[in-house]
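Trainee: my_file_36.json is the file, holding JSON, C-alpha atoms:
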[["chain", "number", "residue", "atom", "x", "y", "z"],
["A", 1, "MET", "CA", -97.26, 104.54, 182.49],
["A", 2, "GLY", "CA", -95.68, 107.24, 180.46],
["A", 3, "GLU", "CA", -97.58, 106.30, 177.33],
["A", 4, "ASP", "CA", -100.58, 107.81, 175.59],
["A", 5, "ALA", "CA", -102.71, 104.69, 175.78],
["A", 6, "GLU", "CA", -105.72, 103.24, 177.53],
["A", 7, "LEU", "CA", -105.73, 100.10, 179.62],
["A", 8, "PRO", "CA", -108.74, 98.28, 178.13],
["A", 9, "ALA", "CA", -109.18, 96.10, 181.22],
["A", 10, "LEU", "CA", -110.20, 99.21, 183.19],
["A", 11, "PHE", "CA", -113.43, 99.19, 181.17],
["A", 12, "THR", "CA", -114.31, 95.53, 181.71],
["A", 13, "THR", "CA", -115.28, 93.24, 184.55],
["A", 14, "ASP", "CA", -111.51, 92.81, 185.18],
["A", 15, "ARG", "CA", -111.36, 96.38, 186.51],
["A", 16, "GLN", "CA", -111.20, 95.27, 190.14],
["A", 17, "THR", "CA", -108.16, 93.18, 189.33],
["A", 18, "VAL", "CA", -106.13, 95.75, 187.38],
["A", 19, "ALA", "CA", -107.28, 99.12, 188.74],
["A", 20, "PRO", "CA", -105.40, 99.09, 192.07],
["A", 21, "THR", "CA", -102.05, 98.46, 190.38],
["A", 22, "PHE", "CA", -102.78, 100.85, 187.52],
["A", 23, "TYR", "CA", -103.75, 103.72, 189.81],
["A", 24, "SER", "CA", -100.85, 103.10, 192.20],
["A", 25, "CYS", "CA", -98.39, 103.16, 189.30],
["A", 26, "SER", "CA", -100.07, 106.23, 187.81],
["A", 27, "PHE", "CA", -99.74, 108.04, 191.13],
["A", 28, "SER", "CA", -96.10, 106.99, 191.45],
["A", 29, "PHE", "CA", -95.23, 108.17, 187.92],
["A", 30, "THR", "CA", -97.06, 111.46, 188.46],
["A", 31, "LYS", "CA", -95.22, 112.00, 191.74],
["A", 32, "PHE", "CA", -91.94, 111.30, 189.93],
["A", 33, "VAL", "CA", -92.77, 113.89, 187.25],
["A", 34, "VAL", "CA", -93.76, 116.44, 189.93],
["A", 35, "GLY", "CA", -90.36, 115.86, 191.50],
["A", 36, "LYS", "CA", -88.74, 116.71, 188.18],
["A", 37, "ILE", "CA", -90.77, 119.80, 187.18],
["A", 38, "GLY", "CA", -92.27, 121.04, 190.44],
["A", 39, "LEU", "CA", -95.83, 121.35, 191.66],
["A", 40, "ALA", "CA", -96.56, 124.73, 190.05],
["A", 41, "GLU", "CA", -95.53, 123.50, 186.59],
["A", 42, "THR", "CA", -97.55, 120.32, 187.12],
["A", 43, "VAL", "CA", -100.67, 122.32, 187.96],
["A", 44, "ALA", "CA", -100.01, 124.48, 184.89],
["A", 45, "LEU", "CA", -100.28, 121.33, 182.75],
["A", 46, "MET", "CA", -104.00, 120.95, 183.46],
["A", 47, "PRO", "CA", -105.22, 123.35, 180.73],
["A", 48, "LEU", "CA", -103.12, 121.37, 178.22],
["A", 49, "LEU", "CA", -104.99, 118.11, 178.85],
["A", 50, "ALA", "CA", -107.73, 118.81, 176.30],
["A", 51, "SER", "CA", -105.28, 119.70, 173.54],
["A", 52, "GLY", "CA", -102.90, 116.80, 174.18],
["A", 53, "GLY", "CA", -100.06, 119.18, 174.97],
["A", 54, "VAL", "CA", -99.02, 117.65, 178.29],
["A", 55, "PRO", "CA", -96.32, 115.25, 177.02],
["A", 56, "GLY", "CA", -94.64, 117.93, 174.92],
["A", 57, "ARG", "CA", -94.62, 120.39, 177.80],
["A", 58, "ILE", "CA", -93.19, 117.79, 180.18],
["A", 59, "GLU", "CA", -90.47, 116.96, 177.64],
["A", 60, "HIS", "CA", -89.69, 120.67, 177.25],
["A", 61, "LEU", "CA", -89.45, 121.18, 181.01],
["A", 62, "THR", "CA", -87.36, 118.08, 181.69],
["A", 63, "HIS", "CA", -85.18, 118.28, 178.56],
["A", 64, "THR", "CA", -85.82, 114.60, 177.91],
["A", 65, "THR", "CA", -88.42, 112.34, 176.34],
["A", 66, "ILE", "CA", -91.37, 110.71, 178.05],
["A", 67, "PRO", "CA", -89.94, 107.22, 177.34],
["A", 68, "ARG", "CA", -86.68, 108.26, 179.04],
["A", 69, "LEU", "CA", -88.62, 109.63, 182.01],
["A", 70, "ARG", "CA", -90.43, 106.31, 182.20],
["A", 71, "GLU", "CA", -87.09, 104.47, 182.23],
["A", 72, "GLU", "CA", -85.78, 106.75, 185.00],
["A", 73, "TRP", "CA", -88.98, 106.20, 187.00],
["A", 74, "LEU", "CA", -88.73, 102.43, 186.62],
["A", 75, "ARG", "CA", -85.14, 102.53, 187.86],
["A", 76, "ALA", "CA", -86.15, 104.77, 190.74],
["A", 77, "ILE", "CA", -88.98, 102.53, 191.91],
["A", 78, "ALA", "CA", -86.81, 99.43, 191.53],
["A", 79, "ALA", "CA", -84.18, 101.04, 193.74],
["A", 80, "THR", "CA", -86.84, 102.06, 196.25],
["A", 81, "ASP", "CA", -88.28, 98.56, 196.30],
["A", 82, "ALA", "CA", -84.83, 97.01, 196.74],
["A", 83, "SER", "CA", -84.01, 99.29, 199.68],
["A", 84, "ARG", "CA", -87.31, 98.38, 201.38],
["A", 85, "GLN", "CA", -86.65, 94.66, 200.98],
["A", 86, "SER", "CA", -83.22, 94.91, 202.58],
["A", 87, "ARG", "CA", -84.57, 96.42, 205.81]]
Hey, can you dump this file as structure tokens for me?

Mentor:
Amino acid sequence: MGEDAELPALFTTDRQTVAPTFYSCSFSFTKFVVGKIGLAETVALMPLLASGGVPGRIEHLTHTTIPRLREEWLRAIAATDASRQSR
């Protein structure tokens, strides 16, 4: 998540094993980014997909780098997970 890369296993017979986790994490990271920039700005990213301009626009809007956003997201989901386990 938060990287411009493919997960090769999604294109193999291992897809059933890795896809649920990959898509859940993708959704979670996207939801995190929406929380940072808002829904309208997220929708406005769609035309930038073809040109590869999405990461730069997200960095501009959040005033931070994608790797830093990823770190924040990982901390946020760890905190969420920890609070669920203590209930």

Trainee: Mind checking which residues fall within 12 Å of Thr64 in chain A, counting only C-alpha atoms, ignoring those fewer than 6 positions away in the same chain, and posting them as a PyMOL selection string?

Mentor: chain A and resi 33+36-37+55-58+70-72

Trainee: Work out how far CA of Val54 in chain A is from CA of Pro67 in chain A, in Å to one decimal.

Mentor: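 Distance reported for this atom pair: 13.9 Å.
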
Trainee: What is the CA of Ile66 in chain A-CA of Phe29 in chain A distance in Å, reported with one decimal?

Mentor: 10.9 Å

Trainee: Record the distance separating CA of Ile77 in chain A and CA of Thr65 in chain A, expressed in Å with one decimal.

Mentor: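 Interatomic distance here is 18.4 Å.
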
Trainee: Using only C-alpha atoms, find the one residue out of A:Trp73, A:Leu7, A:Ala50, A:Arg68 that sits nearest to Gly35 in chain A.

Mentor: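 Ranking A:Trp73, A:Leu7, A:Ala50, A:Arg68 by distance to Gly35 in chain A, first place goes to A:Trp73.
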
Trainee: Kindly indicate which residue among A:Tyr23, A:Gly53, A:Leu61, A:Val34 lies nearest to Leu10 in chain A, using all atoms listed in the file for the distances.

Mentor: A:Tyr23
